[in-house]
Amino acid sequence: RMKTRLIFTLFFSVLGVISWAQDKQDKKEEKKEHWKYEPNFMVGFDALNAGVGFFSDRKLYQGFISSKVKGNIHAVAEAGFEKNIYQKNGYDAKVNGPFVKLGAFYMLAKDAENEFNGFYVGGKVAGAFYNQEYMAIPVRGFGGSNSSVAFPSSSQSTFWLEGTLGGRVQLFSSNFYIDVNLQPRYWVYTSKQDDISPMIVPGFGRSSSKFNMGFAWNLAYKF
């Protein structure tokens, strides 16, 4: 009788564990099925840098499109075009071309009433594909005399990693937002013309060092 009781106890215990495991699995699957991406897009244009271009040699036009993917995670893609010149320490160069950036950001803090209002942090991979031309590159001649050499226009590419730290705020109760962010950048790879590192890279800025900092003040619209 004791043996029979132990067998029944073991049998119902195993049934209980299986039932508990199945219930847990069903809840997990239900949770997975419950999440569904709902199309949402925010499109923005960097008004600050575009405006500054009227008063400087740097003409920078850039914009972004982002979408909330899940929870606090948003995917973002940026694209732009830059035209600039570099005239310093005997160098005379000009560049122009497009650039693209792809990445994501996480909403660190957000408004309880509007999840698109708040502060965020993220990262992107970026690349520029541009034309550059050196009208003058300083060289030291015989006896210490200074002279310069020129190089024809050529196609180059540069890639970098970019962080994002920013915030968004809704304009009144409209679909318009102000999106402001800082963009610390680290130069990873570049092609070179005759072993000469580029003086300027579209989307990255002046490249006298591998680190650079960007800034954007965007006027955005949420669809």
# chains A, B, ... in the order shown; residues from 1 in each chain; ligands from 1
call {"tool": "residues_around", "arguments": {"residues": "segment 56-61 of chain A", "least_positions_apart": "6", "cutoff": "6 Å", "atoms": "only C-alpha atoms", "output": "count of residues only"}}
result
7
call {"tool": "residues_around", "arguments": {"residues": "segment 113-127 of chain A", "least_positions_apart": "2", "cutoff": "9 Å", "atoms": "only C-alpha atoms", "output": "JSON, numbers by chain"}}
result
{"A": [68, 72, 76, 77, 78, 98, 99, 100, 101, 102, 103, 104, 105, 106, 107, 108, 109, 110, 111, 129, 157, 158, 159, 160, 161, 162, 163, 164, 165, 166, 167, 168, 169, 170, 177, 181, 183, 202, 203, 204]}
call {"tool": "closest_residue", "arguments": {"among": "A:Gly63, A:Ala220, A:Val201, A:Leu171", "to": "Phe41 of chain A", "atoms": "only C-alpha atoms"}}
result
A:Ala220
call {"tool": "select_by_dssp", "arguments": {"residues": "segment 23-136 of chain A", "states": "helix (DSSP H, G or I)", "output": "PyMOL selection string"}}
result
chain A and resi 23-34+47-55
call {"tool": "closest_residue", "arguments": {"among": "A:Ser66, A:Asn96, A:Ser173, A:Ser207", "to": "Thr190 of chain A", "atoms": "only C-alpha atoms"}}
result
A:Ser207
call {"tool": "atom_distance", "arguments": {"atom1": "atom CA of Lys210 of chain A", "atom2": "atom CA of Ile85 of chain A"}}
result
18.8 Å
call {"tool": "residues_around", "arguments": {"residues": "segment 153-156 of chain A", "least_positions_apart": "4", "cutoff": "10 Å", "atoms": "only C-alpha atoms", "output": "PyMOL selection string"}}
result
chain A and resi 93-97+128-135+190-193+198+201
call {"tool": "closest_residue", "arguments": {"among": "A:Tyr189, A:Phe172, A:Trp217, A:Tyr37", "to": "Ile73 of chain A", "atoms": "only C-alpha atoms"}}
result
A:Tyr37
call {"tool": "atom_distance", "arguments": {"atom1": "atom CA of Asp179 of chain A", "atom2": "atom CA of Phe45 of chain A"}}
result
9.3 Å
call {"tool": "select_by_dssp", "arguments": {"residues": "segment 15-201 of chain A", "states": "strand (DSSP E or B)", "output": "compact mmCIF listing (two decimals) with N, CA, C and O atoms, in the first residue's frame"}}
result
# COMPACT_ATOMS: atom_id res chain seq x y z
N MET A 42 9.00 59.07 -37.42
CA MET A 42 9.27 60.47 -37.17
C MET A 42 10.34 60.89 -38.16
O MET A 42 11.37 60.23 -38.30
N VAL A 43 10.09 61.97 -38.85
CA VAL A 43 11.02 62.47 -39.86
C VAL A 43 11.47 63.87 -39.45
O VAL A 43 10.64 64.71 -39.08
N GLY A 44 12.79 64.11 -39.51
CA GLY A 44 13.30 65.41 -39.09
C GLY A 44 14.36 65.97 -40.01
O GLY A 44 15.01 65.23 -40.76
N PHE A 45 14.54 67.29 -39.95
CA PHE A 45 15.54 67.99 -40.77
C PHE A 45 16.35 68.91 -39.86
O PHE A 45 15.79 69.62 -39.02
N ASP A 46 17.66 68.87 -40.01
CA ASP A 46 18.56 69.69 -39.19
C ASP A 46 18.52 71.14 -39.68
O ASP A 46 19.21 71.52 -40.62
N LYS A 59 28.53 73.86 -46.07
CA LYS A 59 27.12 73.68 -46.45
C LYS A 59 26.73 72.26 -46.05
O LYS A 59 27.17 71.28 -46.66
N LEU A 60 25.94 72.14 -44.99
CA LEU A 60 25.58 70.83 -44.46
C LEU A 60 24.06 70.69 -44.41
O LEU A 60 23.37 71.47 -43.74
N TYR A 61 23.56 69.68 -45.12
CA TYR A 61 22.12 69.41 -45.15
C TYR A 61 21.92 67.95 -44.73
O TYR A 61 22.43 67.04 -45.38
N GLN A 62 21.21 67.75 -43.64
CA GLN A 62 21.01 66.38 -43.15
C GLN A 62 19.64 66.22 -42.49
O GLN A 62 19.06 67.19 -42.00
N GLY A 63 19.16 64.99 -42.50
CA GLY A 63 17.87 64.69 -41.90
C GLY A 63 17.85 63.26 -41.39
O GLY A 63 18.80 62.50 -41.61
N PHE A 64 16.78 62.89 -40.70
CA PHE A 64 16.69 61.54 -40.14
C PHE A 64 15.27 61.01 -40.25
O PHE A 64 14.31 61.76 -40.43
N ILE A 65 15.16 59.70 -40.12
CA ILE A 65 13.86 59.04 -39.97
C ILE A 65 14.04 58.00 -38.87
O ILE A 65 15.02 57.26 -38.86
N SER A 66 13.12 58.00 -37.91
CA SER A 66 13.23 57.04 -36.80
C SER A 66 11.88 56.37 -36.58
O SER A 66 10.83 56.87 -37.00
N SER A 67 11.93 55.23 -35.90
CA SER A 67 10.70 54.48 -35.62
C SER A 67 10.87 53.70 -34.33
O SER A 67 11.90 53.05 -34.11
N LYS A 68 9.87 53.78 -33.47
CA LYS A 68 9.89 52.97 -32.25
C LYS A 68 9.72 51.51 -32.65
O LYS A 68 8.77 51.15 -33.35
N VAL A 69 10.65 50.65 -32.22
CA VAL A 69 10.61 49.24 -32.59
C VAL A 69 9.90 48.42 -31.51
O VAL A 69 8.95 47.69 -31.78
N LYS A 70 10.38 48.56 -30.26
CA LYS A 70 9.79 47.81 -29.16
C LYS A 70 10.19 48.47 -27.85
O LYS A 70 11.36 48.79 -27.65
N ILE A 73 13.14 51.11 -27.34
CA ILE A 73 14.14 51.04 -28.41
C ILE A 73 13.58 51.62 -29.71
O ILE A 73 12.49 51.24 -30.16
N HIS A 74 14.34 52.53 -30.30
CA HIS A 74 13.96 53.16 -31.57
C HIS A 74 15.09 52.94 -32.59
O HIS A 74 16.27 53.10 -32.25
N ALA A 75 14.74 52.59 -33.80
CA ALA A 75 15.71 52.49 -34.89
C ALA A 75 15.79 53.86 -35.56
O ALA A 75 14.80 54.60 -35.61
N VAL A 76 16.97 54.20 -36.06
CA VAL A 76 17.14 55.51 -36.71
C VAL A 76 18.07 55.41 -37.91
O VAL A 76 19.03 54.63 -37.91
N ALA A 77 17.73 56.15 -38.95
CA ALA A 77 18.58 56.24 -40.15
C ALA A 77 18.73 57.72 -40.50
O ALA A 77 17.75 58.47 -40.45
N GLU A 78 19.95 58.13 -40.81
CA GLU A 78 20.22 59.51 -41.18
C GLU A 78 20.92 59.56 -42.53
O GLU A 78 21.64 58.63 -42.90
N ALA A 79 20.73 60.64 -43.22
CA ALA A 79 21.40 60.84 -44.51
C ALA A 79 21.59 62.33 -44.72
O ALA A 79 20.84 63.16 -44.17
N GLY A 80 22.61 62.67 -45.49
CA GLY A 80 22.86 64.09 -45.73
C GLY A 80 23.88 64.32 -46.82
O GLY A 80 24.41 63.38 -47.43
N PHE A 81 24.15 65.59 -47.04
CA PHE A 81 25.13 66.01 -48.04
C PHE A 81 25.90 67.20 -47.48
O PHE A 81 25.32 68.10 -46.86
N GLU A 82 27.23 67.17 -47.68
CA GLU A 82 28.05 68.27 -47.18
C GLU A 82 29.04 68.75 -48.24
O GLU A 82 29.61 67.95 -48.98
N LYS A 83 29.21 70.06 -48.29
CA LYS A 83 30.19 70.69 -49.17
C LYS A 83 31.01 71.63 -48.30
O LYS A 83 30.46 72.45 -47.57
N ASN A 84 32.34 71.51 -48.35
CA ASN A 84 33.17 72.30 -47.45
C ASN A 84 34.56 72.54 -48.05
O ASN A 84 34.96 71.86 -49.00
N ILE A 85 35.27 73.51 -47.47
CA ILE A 85 36.65 73.78 -47.89
C ILE A 85 37.54 73.80 -46.65
O ILE A 85 37.08 74.00 -45.53
N TYR A 86 38.83 73.56 -46.88
CA TYR A 86 39.82 73.58 -45.79
C TYR A 86 41.00 74.42 -46.24
O TYR A 86 41.70 74.07 -47.19
N GLN A 87 41.21 75.53 -45.56
CA GLN A 87 42.33 76.41 -45.88
C GLN A 87 43.04 76.78 -44.58
O GLN A 87 42.63 77.68 -43.86
N LYS A 88 44.10 76.03 -44.28
CA LYS A 88 44.81 76.22 -43.02
C LYS A 88 46.20 75.60 -43.12
O LYS A 88 46.37 74.54 -43.73
N TYR A 91 47.44 74.32 -46.37
CA TYR A 91 46.56 73.39 -47.09
C TYR A 91 45.42 74.16 -47.74
O TYR A 91 44.89 75.11 -47.17
N ASP A 92 45.04 73.71 -48.91
CA ASP A 92 43.88 74.27 -49.60
C ASP A 92 43.14 73.09 -50.25
O ASP A 92 43.61 72.51 -51.23
N ALA A 93 42.03 72.70 -49.64
CA ALA A 93 41.30 71.53 -50.12
C ALA A 93 39.81 71.79 -50.12
O ALA A 93 39.31 72.67 -49.42
N LYS A 94 39.09 71.03 -50.94
CA LYS A 94 37.63 71.12 -50.94
C LYS A 94 37.05 69.72 -51.11
O LYS A 94 37.64 68.86 -51.76
N VAL A 95 35.88 69.52 -50.50
CA VAL A 95 35.21 68.22 -50.58
C VAL A 95 33.71 68.42 -50.77
O VAL A 95 33.17 69.47 -50.43
N ASN A 96 33.06 67.42 -51.29
CA ASN A 96 31.60 67.40 -51.35
C ASN A 96 31.14 65.97 -51.57
O ASN A 96 31.81 65.19 -52.24
N GLY A 97 30.02 65.63 -50.95
CA GLY A 97 29.48 64.28 -51.12
C GLY A 97 28.46 63.91 -50.07
O GLY A 97 28.28 64.63 -49.08
N PRO A 98 27.79 62.77 -50.26
CA PRO A 98 26.76 62.32 -49.33
C PRO A 98 27.33 61.45 -48.21
O PRO A 98 28.45 60.95 -48.29
N PHE A 99 26.51 61.26 -47.17
CA PHE A 99 26.87 60.36 -46.07
C PHE A 99 25.60 59.73 -45.52
O PHE A 99 24.50 60.26 -45.68
N VAL A 100 25.75 58.57 -44.89
CA VAL A 100 24.62 57.85 -44.30
C VAL A 100 25.01 57.33 -42.92
O VAL A 100 26.18 57.05 -42.66
N LYS A 101 24.01 57.21 -42.04
CA LYS A 101 24.23 56.70 -40.68
C LYS A 101 23.06 55.79 -40.32
O LYS A 101 21.90 56.14 -40.55
N LEU A 102 23.37 54.63 -39.73
CA LEU A 102 22.33 53.68 -39.33
C LEU A 102 22.57 53.24 -37.90
O LEU A 102 23.71 52.96 -37.51
N GLY A 103 21.52 53.19 -37.09
CA GLY A 103 21.70 52.77 -35.71
C GLY A 103 20.40 52.73 -34.93
O GLY A 103 19.31 52.57 -35.50
N ALA A 104 20.51 52.88 -33.63
CA ALA A 104 19.35 52.82 -32.74
C ALA A 104 19.63 53.64 -31.49
O ALA A 104 20.78 53.95 -31.19
N PHE A 105 18.56 53.99 -30.78
CA PHE A 105 18.73 54.67 -29.51
C PHE A 105 17.71 54.16 -28.51
O PHE A 105 16.70 53.55 -28.87
N TYR A 106 17.99 54.41 -27.24
CA TYR A 106 17.16 53.93 -26.13
C TYR A 106 16.65 55.13 -25.34
O TYR A 106 17.44 55.99 -24.94
N MET A 107 15.34 55.19 -25.10
CA MET A 107 14.76 56.29 -24.33
C MET A 107 15.07 56.08 -22.85
O MET A 107 14.55 55.17 -22.21
N LEU A 108 15.96 56.91 -22.32
CA LEU A 108 16.35 56.80 -20.91
C LEU A 108 15.24 57.31 -19.98
O LEU A 108 15.01 56.76 -18.91
N ALA A 109 14.61 58.38 -20.38
CA ALA A 109 13.53 58.97 -19.58
C ALA A 109 12.50 59.52 -20.54
O ALA A 109 12.85 60.13 -21.55
N LYS A 110 11.23 59.27 -20.24
CA LYS A 110 10.19 59.76 -21.15
C LYS A 110 8.97 60.25 -20.40
O LYS A 110 8.75 59.90 -19.24
N GLY A 118 11.24 63.01 -24.34
CA GLY A 118 12.19 62.52 -23.34
C GLY A 118 13.63 62.60 -23.80
O GLY A 118 13.95 63.23 -24.81
N PHE A 119 14.50 61.91 -23.03
CA PHE A 119 15.93 61.91 -23.31
C PHE A 119 16.36 60.52 -23.76
O PHE A 119 15.82 59.52 -23.29
N TYR A 120 17.34 60.48 -24.65
CA TYR A 120 17.76 59.20 -25.20
C TYR A 120 19.28 59.12 -25.39
O TYR A 120 19.98 60.13 -25.42
N VAL A 121 19.76 57.87 -25.53
CA VAL A 121 21.17 57.63 -25.79
C VAL A 121 21.25 56.46 -26.78
O VAL A 121 20.42 55.55 -26.75
N GLY A 122 22.23 56.51 -27.69
CA GLY A 122 22.32 55.44 -28.69
C GLY A 122 23.61 55.49 -29.47
O GLY A 122 24.57 56.17 -29.09
N GLY A 123 23.64 54.75 -30.56
CA GLY A 123 24.84 54.70 -31.38
C GLY A 123 24.53 54.37 -32.83
O GLY A 123 23.45 53.83 -33.13
N LYS A 124 25.46 54.73 -33.72
CA LYS A 124 25.27 54.50 -35.15
C LYS A 124 26.60 54.14 -35.80
O LYS A 124 27.66 54.48 -35.29
N VAL A 125 26.51 53.45 -36.92
CA VAL A 125 27.66 53.28 -37.81
C VAL A 125 27.43 54.23 -38.97
O VAL A 125 26.28 54.41 -39.42
N ALA A 126 28.49 54.87 -39.45
CA ALA A 126 28.32 55.90 -40.48
C ALA A 126 29.40 55.79 -41.55
O ALA A 126 30.50 55.29 -41.31
N GLY A 127 29.05 56.27 -42.74
CA GLY A 127 30.00 56.27 -43.84
C GLY A 127 29.74 57.42 -44.80
O GLY A 127 28.59 57.84 -44.97
N ALA A 128 30.82 57.94 -45.38
CA ALA A 128 30.71 59.02 -46.36
C ALA A 128 31.40 58.60 -47.64
O ALA A 128 32.45 57.94 -47.61
N PHE A 129 30.84 59.00 -48.77
CA PHE A 129 31.37 58.67 -50.09
C PHE A 129 31.43 59.98 -50.88
O PHE A 129 30.39 60.50 -51.27
N TYR A 130 32.63 60.52 -51.08
CA TYR A 130 32.75 61.91 -51.48
C TYR A 130 33.89 62.14 -52.48
O TYR A 130 34.74 61.27 -52.71
N ASN A 131 33.86 63.33 -53.05
CA ASN A 131 34.95 63.77 -53.94
C ASN A 131 35.80 64.80 -53.20
O ASN A 131 35.25 65.68 -52.53
N GLN A 132 37.10 64.69 -53.31
CA GLN A 132 37.98 65.67 -52.69
C GLN A 132 39.02 66.14 -53.71
O GLN A 132 39.38 65.42 -54.63
N GLU A 133 39.45 67.36 -53.52
CA GLU A 133 40.47 67.93 -54.41
C GLU A 133 41.42 68.79 -53.59
O GLU A 133 40.98 69.60 -52.77
N TYR A 134 42.73 68.57 -53.77
CA TYR A 134 43.75 69.37 -53.10
C TYR A 134 44.34 70.37 -54.09
O TYR A 134 45.00 69.98 -55.04
N MET A 135 44.07 71.63 -53.84
CA MET A 135 44.70 72.67 -54.67
C MET A 135 46.12 72.96 -54.19
O MET A 135 46.96 73.39 -54.96
N ALA A 136 46.37 72.72 -52.90
CA ALA A 136 47.72 72.94 -52.35
C ALA A 136 47.94 72.10 -51.11
O ALA A 136 47.09 72.07 -50.21
N ILE A 137 49.07 71.40 -51.08
CA ILE A 137 49.52 70.67 -49.90
C ILE A 137 50.96 71.10 -49.64
O ILE A 137 51.81 71.00 -50.53
N PRO A 138 51.26 71.63 -48.46
CA PRO A 138 52.62 72.13 -48.21
C PRO A 138 53.67 71.02 -48.18
O PRO A 138 53.43 69.95 -47.62
N VAL A 139 54.80 71.27 -48.80
CA VAL A 139 55.95 70.35 -48.76
C VAL A 139 57.21 71.16 -48.49
O VAL A 139 57.31 72.32 -48.89
N ARG A 140 58.17 70.54 -47.81
CA ARG A 140 59.43 71.22 -47.52
C ARG A 140 60.43 70.90 -48.62
O ARG A 140 60.72 69.74 -48.90
N ASN A 146 59.90 76.40 -48.61
CA ASN A 146 58.54 75.88 -48.60
C ASN A 146 57.90 75.98 -49.98
O ASN A 146 58.06 76.98 -50.68
N SER A 147 57.21 74.94 -50.35
CA SER A 147 56.47 74.95 -51.61
C SER A 147 55.22 74.09 -51.42
O SER A 147 54.97 73.58 -50.33
N SER A 148 54.43 73.94 -52.46
CA SER A 148 53.21 73.14 -52.35
C SER A 148 52.99 72.33 -53.61
O SER A 148 53.52 72.65 -54.68
N VAL A 149 52.21 71.26 -53.45
CA VAL A 149 51.85 70.42 -54.60
C VAL A 149 50.33 70.32 -54.65
O VAL A 149 49.65 70.49 -53.62
N ALA A 150 49.80 70.04 -55.83
CA ALA A 150 48.36 69.90 -56.00
C ALA A 150 48.03 68.48 -56.46
O ALA A 150 48.86 67.80 -57.08
N PHE A 151 46.82 68.04 -56.14
CA PHE A 151 46.34 66.72 -56.57
C PHE A 151 44.97 66.88 -57.20
O PHE A 151 44.15 67.69 -56.74
N PRO A 152 44.69 66.11 -58.22
CA PRO A 152 43.39 66.22 -58.91
C PRO A 152 42.25 65.66 -58.05
O PRO A 152 42.48 64.98 -57.05
N SER A 153 41.05 65.94 -58.46
CA SER A 153 39.86 65.45 -57.76
C SER A 153 39.84 63.92 -57.76
O SER A 153 40.18 63.29 -58.77
N SER A 154 39.44 63.33 -56.65
CA SER A 154 39.37 61.86 -56.56
C SER A 154 38.19 61.46 -55.66
O SER A 154 37.73 62.25 -54.83
N SER A 155 37.75 60.23 -55.84
CA SER A 155 36.65 59.70 -55.01
C SER A 155 37.21 58.95 -53.82
O SER A 155 38.11 58.12 -53.98
N GLN A 156 36.69 59.25 -52.63
CA GLN A 156 37.17 58.63 -51.40
C GLN A 156 36.00 58.17 -50.54
O GLN A 156 34.85 58.54 -50.78
N SER A 157 36.32 57.38 -49.52
CA SER A 157 35.29 56.93 -48.57
C SER A 157 35.89 56.88 -47.16
O SER A 157 37.07 56.57 -46.99
N THR A 158 35.07 57.19 -46.18
CA THR A 158 35.47 57.17 -44.78
C THR A 158 34.34 56.60 -43.94
O THR A 158 33.17 56.84 -44.21
N PHE A 159 34.71 55.82 -42.90
CA PHE A 159 33.71 55.20 -42.03
C PHE A 159 34.04 55.51 -40.57
O PHE A 159 35.20 55.58 -40.19
N TRP A 160 33.00 55.71 -39.77
CA TRP A 160 33.21 56.02 -38.36
C TRP A 160 32.06 55.50 -37.50
O TRP A 160 31.00 55.14 -38.01
N LEU A 161 32.30 55.47 -36.20
CA LEU A 161 31.26 55.13 -35.22
C LEU A 161 30.80 56.42 -34.56
O LEU A 161 31.60 57.33 -34.35
N GLU A 162 29.53 56.48 -34.25
CA GLU A 162 28.97 57.73 -33.73
C GLU A 162 28.00 57.45 -32.58
O GLU A 162 27.10 56.63 -32.70
N GLY A 163 28.21 58.13 -31.47
CA GLY A 163 27.28 58.04 -30.35
C GLY A 163 26.20 59.11 -30.49
O GLY A 163 26.35 60.06 -31.26
N THR A 164 25.13 58.96 -29.75
CA THR A 164 24.04 59.94 -29.77
C THR A 164 23.55 60.17 -28.35
O THR A 164 23.25 59.22 -27.63
N LEU A 165 23.46 61.42 -27.97
CA LEU A 165 22.91 61.79 -26.67
C LEU A 165 22.01 63.00 -26.91
O LEU A 165 22.47 64.05 -27.33
N GLY A 166 20.71 62.83 -26.70
CA GLY A 166 19.81 63.93 -27.06
C GLY A 166 18.47 63.88 -26.36
O GLY A 166 18.25 63.09 -25.44
N GLY A 167 17.59 64.75 -26.83
CA GLY A 167 16.26 64.82 -26.25
C GLY A 167 15.24 65.32 -27.27
O GLY A 167 15.60 65.98 -28.25
N ARG A 168 13.98 64.98 -27.01
CA ARG A 168 12.89 65.41 -27.89
C ARG A 168 11.78 66.04 -27.05
O ARG A 168 11.49 65.59 -25.94
N VAL A 169 11.17 67.05 -27.62
CA VAL A 169 10.03 67.67 -26.94
C VAL A 169 8.98 68.05 -27.98
O VAL A 169 9.29 68.57 -29.05
N GLN A 170 7.74 67.75 -27.66
CA GLN A 170 6.62 68.03 -28.56
C GLN A 170 6.30 69.52 -28.55
O GLN A 170 6.36 70.17 -27.50
N PHE A 176 4.49 68.12 -34.39
CA PHE A 176 5.86 68.60 -34.56
C PHE A 176 6.66 68.46 -33.26
O PHE A 176 6.11 68.62 -32.17
N TYR A 177 7.95 68.17 -33.42
CA TYR A 177 8.85 67.99 -32.28
C TYR A 177 10.15 68.75 -32.54
O TYR A 177 10.57 68.94 -33.70
N ILE A 178 10.81 69.14 -31.45
CA ILE A 178 12.18 69.64 -31.51
C ILE A 178 13.06 68.49 -31.04
O ILE A 178 12.84 67.93 -29.95
N ASP A 179 14.03 68.12 -31.84
CA ASP A 179 14.95 67.02 -31.50
C ASP A 179 16.38 67.58 -31.53
O ASP A 179 16.85 68.02 -32.58
N VAL A 180 17.03 67.59 -30.38
CA VAL A 180 18.39 68.13 -30.27
C VAL A 180 19.32 67.04 -29.78
O VAL A 180 18.99 66.31 -28.83
N ASN A 181 20.49 66.87 -30.43
CA ASN A 181 21.41 65.83 -29.97
C ASN A 181 22.88 66.16 -30.23
O ASN A 181 23.22 66.91 -31.14
N LEU A 182 23.71 65.61 -29.36
CA LEU A 182 25.17 65.66 -29.50
C LEU A 182 25.63 64.36 -30.12
O LEU A 182 25.06 63.30 -29.85
N GLN A 183 26.70 64.43 -30.94
CA GLN A 183 27.15 63.25 -31.67
C GLN A 183 28.67 63.09 -31.55
O GLN A 183 29.43 63.53 -32.42
N PRO A 184 29.17 62.45 -30.50
CA PRO A 184 30.60 62.14 -30.42
C PRO A 184 30.97 61.11 -31.48
O PRO A 184 30.28 60.10 -31.64
N ARG A 185 32.06 61.37 -32.21
CA ARG A 185 32.42 60.51 -33.35
C ARG A 185 33.84 59.98 -33.25
O ARG A 185 34.74 60.69 -32.79
N TYR A 186 34.01 58.73 -33.69
CA TYR A 186 35.35 58.12 -33.72
C TYR A 186 35.60 57.54 -35.10
O TYR A 186 34.89 56.66 -35.57
N TRP A 187 36.62 58.07 -35.75
CA TRP A 187 37.00 57.70 -37.10
C TRP A 187 37.63 56.31 -37.11
O TRP A 187 38.60 56.05 -36.42
N VAL A 188 37.07 55.38 -37.90
CA VAL A 188 37.53 53.99 -37.92
C VAL A 188 38.42 53.69 -39.13
O VAL A 188 39.48 53.07 -39.01
N TYR A 189 37.98 54.11 -40.32
CA TYR A 189 38.73 53.77 -41.54
C TYR A 189 38.52 54.85 -42.60
O TYR A 189 37.44 55.42 -42.70
N THR A 190 39.55 55.09 -43.38
CA THR A 190 39.40 55.99 -44.53
C THR A 190 40.31 55.55 -45.67
O THR A 190 41.39 54.99 -45.44
N GLN A 193 44.38 59.33 -50.67
CA GLN A 193 44.92 59.68 -51.98
C GLN A 193 46.42 59.94 -51.80
O GLN A 193 46.80 60.88 -51.10
N ILE A 196 47.71 60.45 -48.25
CA ILE A 196 47.36 61.70 -47.56
C ILE A 196 45.98 61.54 -46.92
O ILE A 196 45.00 61.25 -47.60
N ILE A 200 38.90 67.01 -44.53
CA ILE A 200 37.49 67.12 -44.16
C ILE A 200 36.75 65.90 -44.68
O ILE A 200 37.04 65.42 -45.78
N VAL A 201 35.79 65.43 -43.91
CA VAL A 201 34.95 64.30 -44.33
C VAL A 201 33.49 64.72 -44.18
O VAL A 201 33.07 65.13 -43.09
call {"tool": "closest_residue", "arguments": {"among": "A:Asn218, A:Asp194, A:Met199, A:Arg206", "to": "Ala47 of chain A", "atoms": "only C-alpha atoms"}}
result
A:Asn218
call {"tool": "atom_distance", "arguments": {"atom1": "atom CA of Ser208 of chain A", "atom2": "atom CA of Phe54 of chain A"}}
result
24.4 Å
